[in-house]
file my_file08.pdb (PDB, C-alpha atoms (C1' of nucleotides))
ATOM      1  CA  MET A   4       9.421  10.933  21.544  1.00  0.00           C
ATOM      2  CA  ALA A   5       8.264   9.691  18.151  1.00  0.00           C
ATOM      3  CA  GLU A   6       5.973  11.914  16.141  1.00  0.00           C
ATOM      4  CA  ALA A   7       2.476  10.726  15.388  1.00  0.00           C
ATOM      5  CA  SER A   8       2.163   8.660  12.218  1.00  0.00           C
ATOM      6  CA  ALA A   9       0.151   9.991   9.306  1.00  0.00           C
ATOM      7  CA  GLU A  10      -2.593   7.551  10.169  1.00  0.00           C
ATOM      8  CA  GLU A  11      -2.710   8.679  13.786  1.00  0.00           C
ATOM      9  CA  ARG A  12      -2.966  12.312  12.760  1.00  0.00           C
ATOM     10  CA  ILE A  13      -5.758  11.526  10.324  1.00  0.00           C
ATOM     11  CA  LEU A  14      -7.688   9.571  12.922  1.00  0.00           C
ATOM     12  CA  ALA A  15      -7.224  12.434  15.367  1.00  0.00           C
ATOM     13  CA  ALA A  16      -8.544  14.919  12.814  1.00  0.00           C
ATOM     14  CA  ILE A  17     -11.584  12.758  12.211  1.00  0.00           C
ATOM     15  CA  ARG A  18     -12.245  12.437  15.928  1.00  0.00           C
ATOM     16  CA  ALA A  19     -12.035  16.222  16.177  1.00  0.00           C
ATOM     17  CA  VAL A  20     -15.091  16.729  13.975  1.00  0.00           C
ATOM     18  CA  PRO A  21     -17.871  17.831  16.338  1.00  0.00           C
ATOM     19  CA  ARG A  22     -21.179  16.028  16.602  1.00  0.00           C
ATOM     20  CA  GLY A  23     -23.682  17.321  14.086  1.00  0.00           C
ATOM     21  CA  GLN A  24     -20.870  18.598  11.860  1.00  0.00           C
ATOM     22  CA  VAL A  25     -19.395  17.119   8.699  1.00  0.00           C
ATOM     23  CA  ALA A  26     -16.081  17.387   6.856  1.00  0.00           C
ATOM     24  CA  ALA A  27     -14.691  16.348   3.474  1.00  0.00           C
ATOM     25  CA  TYR A  28     -11.922  13.762   3.055  1.00  0.00           C
ATOM     26  CA  GLY A  29      -9.641  16.436   1.710  1.00  0.00           C
ATOM     27  CA  HIS A  30     -10.451  18.691   4.622  1.00  0.00           C
ATOM     28  CA  ILE A  31      -9.396  16.033   7.101  1.00  0.00           C
ATOM     29  CA  ALA A  32      -6.202  15.310   5.204  1.00  0.00           C
ATOM     30  CA  ARG A  33      -5.330  18.993   5.219  1.00  0.00           C
ATOM     31  CA  ARG A  34      -6.050  19.331   8.919  1.00  0.00           C
ATOM     32  CA  ALA A  35      -3.807  16.301   9.499  1.00  0.00           C
ATOM     33  CA  GLY A  36      -0.975  18.063   7.724  1.00  0.00           C
ATOM     34  CA  LEU A  37      -1.281  15.913   4.596  1.00  0.00           C
ATOM     35  CA  PRO A  38      -2.633  18.126   1.817  1.00  0.00           C
ATOM     36  CA  GLY A  39      -3.694  16.192  -1.269  1.00  0.00           C
ATOM     37  CA  ARG A  40      -4.079  12.893   0.593  1.00  0.00           C
ATOM     38  CA  ALA A  41      -7.878  12.695   0.559  1.00  0.00           C
ATOM     39  CA  ARG A  42      -7.670   9.148  -0.786  1.00  0.00           C
ATOM     40  CA  LEU A  43      -5.419   8.148   2.066  1.00  0.00           C
ATOM     41  CA  VAL A  44      -8.089   9.320   4.487  1.00  0.00           C
ATOM     42  CA  ALA A  45     -10.619   7.165   2.652  1.00  0.00           C
ATOM     43  CA  ARG A  46      -8.305   4.179   2.793  1.00  0.00           C
ATOM     44  CA  ILE A  47      -7.776   4.512   6.504  1.00  0.00           C
ATOM     45  CA  LEU A  48     -11.489   4.826   7.145  1.00  0.00           C
ATOM     46  CA  GLY A  49     -12.023   1.662   5.153  1.00  0.00           C
ATOM     47  CA  GLY A  50      -9.634  -0.282   7.334  1.00  0.00           C
ATOM     48  CA  ASN A  51     -10.710   1.318  10.586  1.00  0.00           C
ATOM     49  CA  GLU A  52     -12.016  -0.940  13.332  1.00  0.00           C
ATOM     50  CA  ASP A  53     -12.687   1.591  16.080  1.00  0.00           C
ATOM     51  CA  PRO A  54     -16.444   1.647  16.714  1.00  0.00           C
ATOM     52  CA  ASP A  55     -16.147   5.055  18.378  1.00  0.00           C
ATOM     53  CA  LEU A  56     -14.627   6.745  15.345  1.00  0.00           C
ATOM     54  CA  PRO A  57     -17.132   9.221  13.845  1.00  0.00           C
ATOM     55  CA  TRP A  58     -16.530   7.964  10.299  1.00  0.00           C
ATOM     56  CA  HIS A  59     -20.033   8.952   9.253  1.00  0.00           C
ATOM     57  CA  ARG A  60     -19.133  12.662   9.504  1.00  0.00           C
ATOM     58  CA  ILE A  61     -16.738  12.351   6.579  1.00  0.00           C
ATOM     59  CA  LEU A  62     -18.149  13.054   3.133  1.00  0.00           C
ATOM     60  CA  ARG A  63     -16.977  13.908  -0.354  1.00  0.00           C
ATOM     61  CA  SER A  64     -16.065  17.505  -1.074  1.00  0.00           C
ATOM     62  CA  ASP A  65     -19.421  18.045  -2.798  1.00  0.00           C
ATOM     63  CA  GLY A  66     -21.313  16.886   0.285  1.00  0.00           C
ATOM     64  CA  ARG A  67     -22.284  13.511  -1.132  1.00  0.00           C
ATOM     65  CA  ILE A  68     -21.849  10.241   0.735  1.00  0.00           C
ATOM     66  CA  ALA A  69     -18.910   8.326  -0.721  1.00  0.00           C
ATOM     67  CA  PHE A  70     -20.623   4.925  -0.761  1.00  0.00           C
ATOM     68  CA  PRO A  71     -22.683   3.792  -3.705  1.00  0.00           C
ATOM     69  CA  GLU A  72     -26.285   4.916  -3.324  1.00  0.00           C
ATOM     70  CA  GLY A  73     -28.479   2.360  -1.622  1.00  0.00           C
ATOM     71  CA  SER A  74     -25.550   0.303  -0.322  1.00  0.00           C
ATOM     72  CA  ARG A  75     -25.346  -0.772   3.301  1.00  0.00           C
ATOM     73  CA  GLY A  76     -22.765   1.863   4.248  1.00  0.00           C
ATOM     74  CA  TRP A  77     -24.699   4.515   2.392  1.00  0.00           C
ATOM     75  CA  ARG A  78     -27.825   3.813   4.393  1.00  0.00           C
ATOM     76  CA  GLU A  79     -26.045   3.565   7.710  1.00  0.00           C
ATOM     77  CA  GLN A  80     -24.154   6.794   7.135  1.00  0.00           C
ATOM     78  CA  SER A  81     -27.332   8.725   6.282  1.00  0.00           C
ATOM     79  CA  GLN A  82     -29.032   7.297   9.327  1.00  0.00           C
ATOM     80  CA  ARG A  83     -26.146   8.091  11.673  1.00  0.00           C
ATOM     81  CA  LEU A  84     -25.963  11.648  10.367  1.00  0.00           C
ATOM     82  CA  ARG A  85     -29.681  12.232  10.754  1.00  0.00           C
ATOM     83  CA  ALA A  86     -29.440  10.805  14.257  1.00  0.00           C
ATOM     84  CA  GLU A  87     -27.244  13.724  15.178  1.00  0.00           C
ATOM     85  CA  GLY A  88     -29.348  16.330  13.471  1.00  0.00           C
ATOM     86  CA  VAL A  89     -27.660  16.589  10.066  1.00  0.00           C
ATOM     87  CA  ALA A  90     -30.064  17.054   7.152  1.00  0.00           C
ATOM     88  CA  VAL A  91     -29.388  14.355   4.577  1.00  0.00           C
ATOM     89  CA  GLU A  92     -31.311  14.435   1.335  1.00  0.00           C
ATOM     90  CA  ARG A  93     -30.743  11.998  -1.465  1.00  0.00           C
ATOM     91  CA  GLY A  94     -27.477  10.919   0.159  1.00  0.00           C
ATOM     92  CA  ARG A  95     -26.276  14.474   0.221  1.00  0.00           C
ATOM     93  CA  VAL A  96     -25.782  17.144   2.863  1.00  0.00           C
ATOM     94  CA  ARG A  97     -25.115  20.859   2.714  1.00  0.00           C
ATOM     95  CA  MET A  98     -21.385  21.248   3.132  1.00  0.00           C
ATOM     96  CA  PRO A  99     -20.288  23.970   5.551  1.00  0.00           C
ATOM     97  CA  ALA A 100     -19.086  26.894   3.462  1.00  0.00           C
ATOM     98  CA  ALA A 101     -15.301  26.905   3.856  1.00  0.00           C
ATOM     99  CA  ASP A 102     -15.659  29.717   6.342  1.00  0.00           C
ATOM    100  CA  VAL A 103     -12.278  30.593   7.826  1.00  0.00           C
ATOM    101  CA  SER A 104     -13.591  32.050  11.094  1.00  0.00           C
ATOM    102  CA  LEU A 105     -15.882  29.100  11.688  1.00  0.00           C
ATOM    103  CA  ASP A 106     -13.103  26.716  10.788  1.00  0.00           C
ATOM    104  CA  ALA A 107     -10.860  28.296  13.390  1.00  0.00           C
ATOM    105  CA  MET A 108     -13.704  28.132  15.896  1.00  0.00           C
ATOM    106  CA  ILE A 109     -14.083  24.401  15.301  1.00  0.00           C
ATOM    107  CA  TRP A 110     -10.542  23.262  14.727  1.00  0.00           C
ATOM    108  CA  GLY A 111      -8.796  25.732  16.922  1.00  0.00           C
ATOM    109  CA  PRO A 112      -5.543  27.622  16.193  1.00  0.00           C
ATOM    110  CA  GLY A 113      -3.798  24.381  15.242  1.00  0.00           C
TER     111      GLY A 113
ATOM    112  C1'  DA B   4       9.009  -3.257 -10.907  1.00  0.00           C
ATOM    113  C1'  DA B   5       5.083  -1.664 -13.995  1.00  0.00           C
ATOM    114  C1'  DG B   6       0.177  -1.478 -13.852  1.00  0.00           C
ATOM    115  C1'  DT B   7      -4.220  -1.246 -11.422  1.00  0.00           C
ATOM    116  C1'  DT B   8      -7.392   0.503  -7.840  1.00  0.00           C
ATOM    117  C1'  DG B   9     -10.178   3.546  -5.208  1.00  0.00           C
ATOM    118  C1'  DA B  10     -15.116   5.668   1.250  1.00  0.00           C
ATOM    119  C1'  DC B  11     -11.145  11.657  -3.666  1.00  0.00           C
ATOM    120  C1'  DT B  12     -11.120  16.630  -6.082  1.00  0.00           C
ATOM    121  C1'  DA B  13     -11.302  20.580  -8.948  1.00  0.00           C
ATOM    122  C1'  DA B  14     -12.455  22.191 -13.305  1.00  0.00           C
ATOM    123  C1'  DA B  15     -14.820  21.928 -17.478  1.00  0.00           C
ATOM    124  C1'  DT B  16     -19.109  20.834 -19.975  1.00  0.00           C
TER     125       DT B  16
ATOM    126  C1'  DC C   8     -27.476  22.669 -10.893  1.00  0.00           C
ATOM    127  C1'  DA C   9     -25.919  17.487 -12.670  1.00  0.00           C
ATOM    128  C1'  DT C  10     -22.423  14.975 -15.308  1.00  0.00           C
ATOM    129  C1'  DT C  11     -18.102  14.096 -17.262  1.00  0.00           C
ATOM    130  C1'  DT C  12     -12.875  14.500 -17.494  1.00  0.00           C
ATOM    131  C1'  DA C  13      -8.476  14.615 -16.067  1.00  0.00           C
ATOM    132  C1'  DG C  14      -5.390  14.673 -12.185  1.00  0.00           C
ATOM    133  C1'  DC C  15      -3.809  12.794  -7.920  1.00  0.00           C
ATOM    134  C1'  DC C  16      -1.358   9.531  -4.622  1.00  0.00           C
ATOM    135  C1'  DA C  17      -0.456   5.662  -1.632  1.00  0.00           C
ATOM    136  C1'  DA C  18      -1.484   0.799  -1.258  1.00  0.00           C
ATOM    137  C1'  DC C  19      -1.860  -3.378  -3.602  1.00  0.00           C
ATOM    138  C1'  DT C  20      -1.181  -6.937  -7.556  1.00  0.00           C
TER     139       DT C  20
END

call {"tool": "encode", "arguments": {"input": "my_file08.pdb", "output": "structure tokens"}}
result
Amino acid sequence: MAEASAEERILAAIRAVPRGQVAAYGHIARRAGLPGRARLVARILGGNEDPDLPWHRILRSDGRIAFPEGSRGWREQSQRLRAEGVAVERGRVRMPAADVSLDAMIWGPG
DNA sequence: AAGTTGACTAAAT
DNA sequence: CATTTAGCCAACT
């Protein structure tokens, strides 16, 4: 059968981020088998329509929300994150240290 | 078909 | 740490 499209793999990677956890665009791209395509992840999120997609768990690599500060999306993302227990301060969260063992625990053996 | 754009990143300042 | 700079890459003009 046909292999999953890049977009499908990216969406799957996003859906795989556990509640209360966050991941960077680049991290998702990598997990989807598309290293260096962070901007593609952003693009897909922008066009996404699925209300169940945990888009709010995706942040920039430095832990900052990608929307302009104060904008609608910025506010909603902070709110959604706090709603699941993530500490958001000044539109920024503490990014999980790229811990290999924890990464494997979360993402699985791949 | 060449140039622009952007929910990005890593490195330098 | 916060800011700036240069690089990146697919979609869109």

call {"tool": "interface_residues", "arguments": {"input": "my_file08.pdb", "of": "chain B", "to": "chain A", "cutoff": "12 Å", "atoms": "all atoms listed in the file", "output": "list in words"}}
result
DT8, DG9, DA10, DC11, DT12 and DA13 of chain B

call {"tool": "resolve_selection", "arguments": {"input": "my_file08.pdb", "expression": "the PyMOL selection byres ((chain A and resi 55) around 12)", "output": "ChimeraX atom specification"}}
result
/A:14-15,17-18,51-54,56-59

call {"tool": "resolve_selection", "arguments": {"input": "my_file08.pdb", "expression": "the PyMOL selection byres ((chain C) within 10 of (chain A))", "output": "list in words"}}
result
DC15, DC16, DA17 and DA18 of chain C

call {"tool": "axis_aligned_box", "arguments": {"input": "my_file08.pdb", "around": "region 6-16 of chain B", "padding_each_side": "5 Å", "output": "lines of an AutoDock Vina configuration file"}}
result
center_x = -9.5
center_y = 10.4
center_z = -9.4
size_x = 29.3
size_y = 33.7
size_z = 31.2

call {"tool": "residues_around", "arguments": {"input": "my_file08.pdb", "residues": "DA14 (chain B)", "least_positions_apart": "2", "cutoff": "10 Å", "atoms": "all atoms listed in the file", "output": "ChimeraX atom specification"}}
result
/B:12,16 /C:12-13

call {"tool": "atom_distance", "arguments": {"input": "my_file08.pdb", "atom1": "CA of Arg22 (chain A)", "atom2": "CA of Glu87 (chain A)"}}
result
6.6 Å

call {"tool": "atom_distance", "arguments": {"input": "my_file08.pdb", "atom1": "CA of Val25 (chain A)", "atom2": "CA of Arg60 (chain A)"}}
result
4.5 Å

call {"tool": "residues_around", "arguments": {"input": "my_file08.pdb", "residues": "DT20 (chain C)", "least_positions_apart": "4", "cutoff": "12 Å", "atoms": "only C-alpha atoms (C1' of nucleotides)", "output": "number ranges by chain"}}
result
B: 4-8

call {"tool": "resolve_selection", "arguments": {"input": "my_file08.pdb", "expression": "the PyMOL selection byres ((chain A and resi 9) around 10)", "output": "number ranges by chain"}}
result
A: 6-8, 10-15, 32, 35-37, 43-44

call {"tool": "atom_distance", "arguments": {"input": "my_file08.pdb", "atom1": "CA of Pro38 (chain A)", "atom2": "CA of Gln24 (chain A)"}}
result
20.8 Å

call {"tool": "decode", "arguments": {"input": "my_file08.pdb", "residues": "region 24-37 of chain A", "atoms": "N, CA and C atoms", "output": "PDB file, in the first residue's frame"}}
result
ATOM      1  N   GLN A  24       2.906  17.965  27.532  1.00  0.00           N
ATOM      2  CA  GLN A  24       4.270  17.996  26.981  1.00  0.00           C
ATOM      3  C   GLN A  24       4.294  18.959  25.805  1.00  0.00           C
ATOM      4  N   VAL A  25       5.490  19.422  25.443  1.00  0.00           N
ATOM      5  CA  VAL A  25       5.622  20.297  24.291  1.00  0.00           C
ATOM      6  C   VAL A  25       6.771  19.842  23.409  1.00  0.00           C
ATOM      7  N   ALA A  26       6.759  20.268  22.150  1.00  0.00           N
ATOM      8  CA  ALA A  26       7.833  19.897  21.225  1.00  0.00           C
ATOM      9  C   ALA A  26       8.066  21.035  20.236  1.00  0.00           C
ATOM     10  N   ALA A  27       9.285  21.132  19.733  1.00  0.00           N
ATOM     11  CA  ALA A  27       9.625  22.185  18.775  1.00  0.00           C
ATOM     12  C   ALA A  27       9.260  21.732  17.365  1.00  0.00           C
ATOM     13  N   TYR A  28       9.057  22.701  16.473  1.00  0.00           N
ATOM     14  CA  TYR A  28       8.723  22.404  15.077  1.00  0.00           C
ATOM     15  C   TYR A  28       9.763  21.445  14.494  1.00  0.00           C
ATOM     16  N   GLY A  29      11.010  21.796  14.717  1.00  0.00           N
ATOM     17  CA  GLY A  29      12.086  20.973  14.181  1.00  0.00           C
ATOM     18  C   GLY A  29      12.075  19.558  14.741  1.00  0.00           C
ATOM     19  N   HIS A  30      11.672  19.451  15.987  1.00  0.00           N
ATOM     20  CA  HIS A  30      11.619  18.152  16.642  1.00  0.00           C
ATOM     21  C   HIS A  30      10.579  17.282  15.950  1.00  0.00           C
ATOM     22  N   ILE A  31       9.443  17.853  15.668  1.00  0.00           N
ATOM     23  CA  ILE A  31       8.361  17.135  15.006  1.00  0.00           C
ATOM     24  C   ILE A  31       8.798  16.695  13.613  1.00  0.00           C
ATOM     25  N   ALA A  32       9.410  17.629  12.895  1.00  0.00           N
ATOM     26  CA  ALA A  32       9.865  17.315  11.538  1.00  0.00           C
ATOM     27  C   ALA A  32      10.803  16.108  11.576  1.00  0.00           C
ATOM     28  N   ARG A  33      11.735  16.168  12.500  1.00  0.00           N
ATOM     29  CA  ARG A  33      12.721  15.087  12.633  1.00  0.00           C
ATOM     30  C   ARG A  33      12.032  13.769  12.919  1.00  0.00           C
ATOM     31  N   ARG A  34      11.096  13.800  13.852  1.00  0.00           N
ATOM     32  CA  ARG A  34      10.386  12.585  14.249  1.00  0.00           C
ATOM     33  C   ARG A  34       9.559  12.042  13.081  1.00  0.00           C
ATOM     34  N   ALA A  35       9.193  12.955  12.161  1.00  0.00           N
ATOM     35  CA  ALA A  35       8.387  12.551  11.001  1.00  0.00           C
ATOM     36  C   ALA A  35       9.281  12.070   9.864  1.00  0.00           C
ATOM     37  N   GLY A  36      10.581  12.057  10.127  1.00  0.00           N
ATOM     38  CA  GLY A  36      11.509  11.608   9.094  1.00  0.00           C
ATOM     39  C   GLY A  36      11.822  12.695   8.086  1.00  0.00           C
ATOM     40  N   LEU A  37      11.670  13.958   8.490  1.00  0.00           N
ATOM     41  CA  LEU A  37      11.915  15.075   7.573  1.00  0.00           C
ATOM     42  C   LEU A  37      12.819  16.116   8.232  1.00  0.00           C
TER      43      LEU A  37
END
